[in-house]
Amino acid sequence: MKWEPYNYSVAFKEPYRIQDLGNLGRLPAPIAVVNIGSFILVLALMWGFFRNFIQSVAGTLPFFPALCYIGLPVTSVLLLNKIQPDGKKIHYYVFDFVVYMVVIHWRDIYFFSGKVFRQSEINEVIRFKK
């Protein structure tokens, strides 16, 4: 894929990747930072909220902790990479959606003729003549 200076879709399709670990060495293949973050987030949720349940089931199923602490985070990362609403990966979509909700929707901002209007301004400015 040829790099173009103003092609921002390249940034959405190829997130920042890590391969060199400094003094620790080098990974055999680069890993996307988003995947690492998603893995750690799901692992933290499993450890924080479901640790007691996982440990209680581990008494009967010895493979259950490995399945929950490794298998579920890896599966969630793979599924997050496959789901693409509006052609974006899910993490970019959620970020853009949150920005839209905070900046535009909750503040009742409307755009008309390239200008920004608030809902209260629109109600005061528009008057119909009979």
# chains A, B, ... in the order shown; residues from 1 in each chain; ligands from 1

call {"tool": "closest_atom_pairs", "arguments": {"of": "segment 32-129 of chain A", "to": "segment 13-28 of chain A", "cutoff": "10 Å", "atoms": "only C-alpha atoms", "output": "Markdown table"}}
result
| residue | atom | partner | partner_atom | distance |
| --- | --- | --- | --- | --- |
| A:Ala32 | CA | A:Arg17 | CA | 4.1 |
| A:Val33 | CA | A:Arg17 | CA | 5.6 |
| A:Val34 | CA | A:Pro15 | CA | 7.2 |
| A:Asn35 | CA | A:Arg17 | CA | 9.3 |
| A:Ile36 | CA | A:Ile18 | CA | 9.5 |
| A:Gly87 | CA | A:Lys13 | CA | 9.6 |
| A:Lys88 | CA | A:Lys13 | CA | 7.9 |
| A:Lys89 | CA | A:Lys13 | CA | 7.9 |

call {"tool": "write_last_selection", "arguments": {"atoms": "N, CA, C and O atoms", "output": "PDB file, in the first residue's frame"}}
result
ATOM      1  N   ALA A  32      -0.540  -4.420  17.378  1.00  0.00           N
ATOM      2  CA  ALA A  32      -1.216  -3.126  17.471  1.00  0.00           C
ATOM      3  C   ALA A  32      -1.438  -2.765  18.939  1.00  0.00           C
ATOM      4  O   ALA A  32      -1.815  -3.617  19.751  1.00  0.00           O
ATOM      5  N   VAL A  33      -1.213  -1.513  19.265  1.00  0.00           N
ATOM      6  CA  VAL A  33      -1.383  -1.040  20.638  1.00  0.00           C
ATOM      7  C   VAL A  33      -2.843  -1.168  21.065  1.00  0.00           C
ATOM      8  O   VAL A  33      -3.136  -1.468  22.221  1.00  0.00           O
ATOM      9  N   VAL A  34      -3.760  -0.987  20.132  1.00  0.00           N
ATOM     10  CA  VAL A  34      -5.179  -1.122  20.441  1.00  0.00           C
ATOM     11  C   VAL A  34      -5.487  -2.550  20.878  1.00  0.00           C
ATOM     12  O   VAL A  34      -6.255  -2.767  21.817  1.00  0.00           O
ATOM     13  N   ASN A  35      -4.881  -3.521  20.241  1.00  0.00           N
ATOM     14  CA  ASN A  35      -5.102  -4.914  20.633  1.00  0.00           C
ATOM     15  C   ASN A  35      -4.542  -5.188  22.023  1.00  0.00           C
ATOM     16  O   ASN A  35      -5.169  -5.887  22.824  1.00  0.00           O
ATOM     17  N   ILE A  36      -3.378  -4.636  22.311  1.00  0.00           N
ATOM     18  CA  ILE A  36      -2.794  -4.815  23.643  1.00  0.00           C
ATOM     19  C   ILE A  36      -3.688  -4.167  24.694  1.00  0.00           C
ATOM     20  O   ILE A  36      -3.966  -4.759  25.742  1.00  0.00           O
ATOM     21  N   GLY A  87     -17.696   1.009   8.557  1.00  0.00           N
ATOM     22  CA  GLY A  87     -16.386   0.831   7.948  1.00  0.00           C
ATOM     23  C   GLY A  87     -15.217   1.141   8.862  1.00  0.00           C
ATOM     24  O   GLY A  87     -14.070   1.119   8.437  1.00  0.00           O
ATOM     25  N   LYS A  88     -15.471   1.432  10.150  1.00  0.00           N
ATOM     26  CA  LYS A  88     -14.403   1.719  11.100  1.00  0.00           C
ATOM     27  C   LYS A  88     -14.297   0.577  12.091  1.00  0.00           C
ATOM     28  O   LYS A  88     -15.280  -0.101  12.366  1.00  0.00           O
ATOM     29  N   LYS A  89     -13.122   0.389  12.636  1.00  0.00           N
ATOM     30  CA  LYS A  89     -12.996  -0.594  13.704  1.00  0.00           C
ATOM     31  C   LYS A  89     -13.753  -0.072  14.915  1.00  0.00           C
ATOM     32  O   LYS A  89     -13.955   1.125  15.084  1.00  0.00           O
TER      33      LYS A  89
END

call {"tool": "select_by_dssp", "arguments": {"residues": "segment 29-88 of chain A", "states": "helix (DSSP H, G or I)", "output": "VMD selection string"}}
result
chain A and resid 33 to 49 51 to 58 64 to 82 85 to 87

call {"tool": "closest_residue", "arguments": {"among": "A:Cys68, A:Leu61, A:Tyr92, A:Ile31", "to": "Trp47 of chain A", "atoms": "only C-alpha atoms"}}
result
A:Cys68
